[in-house]
Amino acid sequence: MKKKKIKIIIILGQTATGKSDLAARIAKKLGGEIISADSRQVYKGFDIGSGKITKKEMRGVFHYLLDVASPKRQFSAAKYKKLADNKIIKIYKTGKIPFIVGGSGFYIQTIVDGLVLPKVEPNNKLRKELEKKSAKKLFSMLKKLDKNRAKKIEKDNPRRLIRAIEIAKVLGKTPKLKTNSEYEALQIGLKLPDKKLKNNIHKRLMSRIRKGMISEVKKLHAKNISWKRLESFGLEYRFIARYLQGKIKKKEMLDELETEIWHFAKRQMRWFKRDARIKWFNPNQVKKIEIEITNFLNNYELRNAKI
RNA sequence: GCGUCGGUGGCAGAGUGGUCAAAUGCAAUUGGCUGUAAACCAAUCGGUCUUGUACCUACGGGGGUUCAAAUCCCUCCCGGCGCA
């Protein structure tokens, strides 16, 4: 009694490879709806800086999981998974094809592999206390609480150590990582040569500045989001916040941000590389990608598509 | 022209006789990730190989002192500043 799994299409890739545009086009053509997989676009008010797709760019295709969280609150991969699962079912029930589109590898993995993360809510009081301690100390604490977890964890990474301790305090020990995928996923990766990607990153940064990215950050701060909080989001929000505080000059901000975005793009690629199931294409191979997708869907779910 | 300070690895910048292939930061490269993932953490980073308390080449060029020089001396080249 094997239950038939829902088919989903994943479109992923580094920043500035043109995922959103390509996904909107193909989804429109094949009768799909899009669920964003972007850890920053979930936040309200994070528009230009996060590269959020505009109404016009959506081409009439429904987009989910944009603007679903307040930047004042902590979002997480677990929350993402819950929301995305709901949307996938919803889309499926209306006879459309769910497309997951984005560059947040961990978020995507929670869906593709059905990661079952330990159900332990963040404990801010505990975290604050633990943050004062050195990694060494945290590690020895964890060793006492959960020996097995301590064996595998990065012992220099306070953030991981704190979460592990948090879990151990509630559950006693970290459960074995479970994967329980409810979907059959096709993962399409978009890839550009480094030189081209670097160029895209530069051009896009300049155009975002022109579109008012700096005043976007100013506005967010005016709405009581602290500089510290803004910096914690990384990249554009981090560097522009630093600039607005007068910590760095504009030129430094732009230069450092650009290399930082490049670093990020490489980190994304290193993450994706580990997953051999991803099928890579150049973003201009639209036809090929479409064929890949229609083959995968086997025309079964395409009853609503207008091809 | 005289005086003076300086020229160090891709860049910035320590070091001022041995423990220096040279601190540190940046960049570069590689990697990790069990509810912050654009976050967070790590490794490598002159060359060679038999991977070592190994060898070679290196702190502007050349020469010298010394058992030993990035470090001291002479000289040349280049730059900043001051005086002419």
# chains A, B, ... in the order shown; residues from 1 in each chain; ligands from 1
$ interface_residues --of "chain A" --to "chain B" --cutoff "7 Å" --atoms "only C-alpha atoms (C1' of nucleotides)" --output "NGL selection string"
:A and (74 or 76-78 or 106 or 117 or 156-157 or 159 or 177 or 233-235 or 264)
$ atom_distance --atom1 "CA of Thr15 in chain A" --atom2 "CA of Met253 in chain A"
18.9 Å
$ atom_distance --atom1 "CA of Leu230 in chain A" --atom2 "CA of Lys72 in chain A"
9.4 Å
$ residues_around --residues "C2 in chain B" --least-positions-apart "5" --cutoff "12 Å" --atoms "only C-alpha atoms (C1' of nucleotides)" --output "NGL selection string"
:B and (82-84)
$ write_last_selection --atoms "N, CA and C atoms (P, O5', C5', C4', C3', O3' and C1' of nucleotides)" --output "short mmCIF file (atom, residue, chain, number, x, y, z; two decimals), in the first residue's frame"
data_model
loop_
_atom_site.label_atom_id
_atom_site.label_comp_id
_atom_site.auth_asym_id
_atom_site.auth_seq_id
_atom_site.Cartn_x
_atom_site.Cartn_y
_atom_site.Cartn_z
P G B 82 56.30 69.05 3.34
"O5'" G B 82 57.69 69.39 4.02
"C5'" G B 82 57.76 69.66 5.42
"C4'" G B 82 59.19 69.89 5.82
"C3'" G B 82 59.92 71.00 5.05
"O3'" G B 82 59.62 72.29 5.56
"C1'" G B 82 61.29 69.08 5.16
P C B 83 59.72 73.55 4.59
"O5'" C B 83 61.28 73.66 4.37
"C5'" C B 83 62.15 73.98 5.46
"C4'" C B 83 63.58 73.93 5.00
"C3'" C B 83 63.89 74.83 3.80
"O3'" C B 83 64.08 76.19 4.21
"C1'" C B 83 64.87 72.70 3.47
P A B 84 64.10 77.32 3.07
"O5'" A B 84 65.55 77.13 2.44
"C5'" A B 84 65.85 77.73 1.20
"C4'" A B 84 66.95 76.93 0.52
"C3'" A B 84 67.05 77.21 -0.99
"O3'" A B 84 67.96 78.28 -1.22
"C1'" A B 84 66.82 74.88 -0.64
#
$ select_by_dssp --residues "range 65-256 of chain A" --states "helix (DSSP H, G or I)" --output "PyMOL selection string"
chain A and resi 77-93+105-112+124-131+135-145+147-152+158-171+194-210+213-222+227-232+235-244+250-256
$ closest_residue --among "A:Asp194, A:Glu216, A:Asp255, A:Asp85" --to "Ala241 in chain A" --atoms "only C-alpha atoms"
A:Glu216
$ residues_around --residues "Lys173 in chain A" --least-positions-apart "5" --cutoff "8 Å" --atoms "only C-alpha atoms (C1' of nucleotides)" --output "count of residues only"
5
$ residues_around --residues "A12 in chain B" --least-positions-apart "6" --cutoff "12 Å" --atoms "only C-alpha atoms (C1' of nucleotides)" --output "PDB file with N, CA and C atoms (P, O5', C5', C4', C3', O3' and C1' of nucleotides), in the first residue's frame"
ATOM      1  P     U B  24      49.141  34.946  12.988  1.00  0.00           P
ATOM      2  O5'   U B  24      48.385  36.349  12.973  1.00  0.00           O
ATOM      3  C5'   U B  24      47.880  36.918  14.181  1.00  0.00           C
ATOM      4  C4'   U B  24      47.333  38.287  13.886  1.00  0.00           C
ATOM      5  C3'   U B  24      46.336  38.332  12.741  1.00  0.00           C
ATOM      6  O3'   U B  24      45.034  37.944  13.137  1.00  0.00           O
ATOM      7  C1'   U B  24      47.902  40.065  12.454  1.00  0.00           C
ATOM      8  P     G B  25      44.092  37.208  12.103  1.00  0.00           P
ATOM      9  O5'   G B  25      43.535  38.417  11.226  1.00  0.00           O
ATOM     10  C5'   G B  25      42.853  39.509  11.862  1.00  0.00           C
ATOM     11  C4'   G B  25      42.660  40.612  10.853  1.00  0.00           C
ATOM     12  C3'   G B  25      42.108  40.168   9.505  1.00  0.00           C
ATOM     13  O3'   G B  25      40.706  40.005   9.530  1.00  0.00           O
ATOM     14  C1'   G B  25      43.939  41.587   9.145  1.00  0.00           C
ATOM     15  P     C B  26      40.051  38.926   8.558  1.00  0.00           P
ATOM     16  O5'   C B  26      40.206  39.584   7.102  1.00  0.00           O
ATOM     17  C5'   C B  26      39.551  40.816   6.794  1.00  0.00           C
ATOM     18  C4'   C B  26      40.037  41.318   5.457  1.00  0.00           C
ATOM     19  C3'   C B  26      39.857  40.369   4.284  1.00  0.00           C
ATOM     20  O3'   C B  26      38.538  40.353   3.799  1.00  0.00           O
ATOM     21  C1'   C B  26      42.007  41.313   4.184  1.00  0.00           C
ATOM     22  P     A B  27      37.938  39.020   3.188  1.00  0.00           P
ATOM     23  O5'   A B  27      38.784  38.876   1.843  1.00  0.00           O
ATOM     24  C5'   A B  27      38.601  39.809   0.784  1.00  0.00           C
ATOM     25  C4'   A B  27      39.626  39.539  -0.304  1.00  0.00           C
ATOM     26  C3'   A B  27      39.604  38.129  -0.872  1.00  0.00           C
ATOM     27  O3'   A B  27      38.622  37.992  -1.880  1.00  0.00           O
ATOM     28  C1'   A B  27      41.822  38.710  -0.343  1.00  0.00           C
TER      29        A B  27
END
$ residues_around --residues "range 50-62 of chain B" --least-positions-apart "4" --cutoff "12 Å" --atoms "only C-alpha atoms (C1' of nucleotides)" --output "MDAnalysis selection string"
chainID B and resid 6:9 15:16 19:22 46 69:71 74:79
$ write_last_selection --atoms "C-alpha atoms (C1' of nucleotides)" --output "PDB file, in the first residue's frame"
ATOM      1  C1'   G B   6      60.737  54.648   4.485  1.00  0.00           C
ATOM      2  C1'   G B   7      60.797  50.328   0.545  1.00  0.00           C
ATOM      3  C1'   U B   8      58.565  43.181   3.925  1.00  0.00           C
ATOM      4  C1'   G B   9      54.471  37.697   0.988  1.00  0.00           C
ATOM      5  C1'   G B  15      59.096  42.240  13.031  1.00  0.00           C
ATOM      6  C1'   U B  16      64.785  45.526  13.794  1.00  0.00           C
ATOM      7  C1'   U B  19      63.376  30.668  18.419  1.00  0.00           C
ATOM      8  C1'   C B  20      61.472  33.988  10.718  1.00  0.00           C
ATOM      9  C1'   A B  21      59.049  31.011   5.278  1.00  0.00           C
ATOM     10  C1'   A B  22      58.262  35.953   8.436  1.00  0.00           C
ATOM     11  C1'   G B  46      56.449  30.739  -1.334  1.00  0.00           C
ATOM     12  C1'   A B  69      71.194  39.290   8.631  1.00  0.00           C
ATOM     13  C1'   A B  70      64.375  41.057   6.895  1.00  0.00           C
ATOM     14  C1'   U B  71      67.177  43.013  11.011  1.00  0.00           C
ATOM     15  C1'   C B  74      78.477  50.692   2.217  1.00  0.00           C
ATOM     16  C1'   U B  75      76.443  51.775  -2.400  1.00  0.00           C
ATOM     17  C1'   C B  76      72.743  52.159  -6.184  1.00  0.00           C
ATOM     18  C1'   C B  77      67.491  52.497  -7.514  1.00  0.00           C
ATOM     19  C1'   C B  78      62.429  54.009  -6.008  1.00  0.00           C
ATOM     20  C1'   G B  79      58.692  56.768  -2.795  1.00  0.00           C
TER      21        G B  79
END
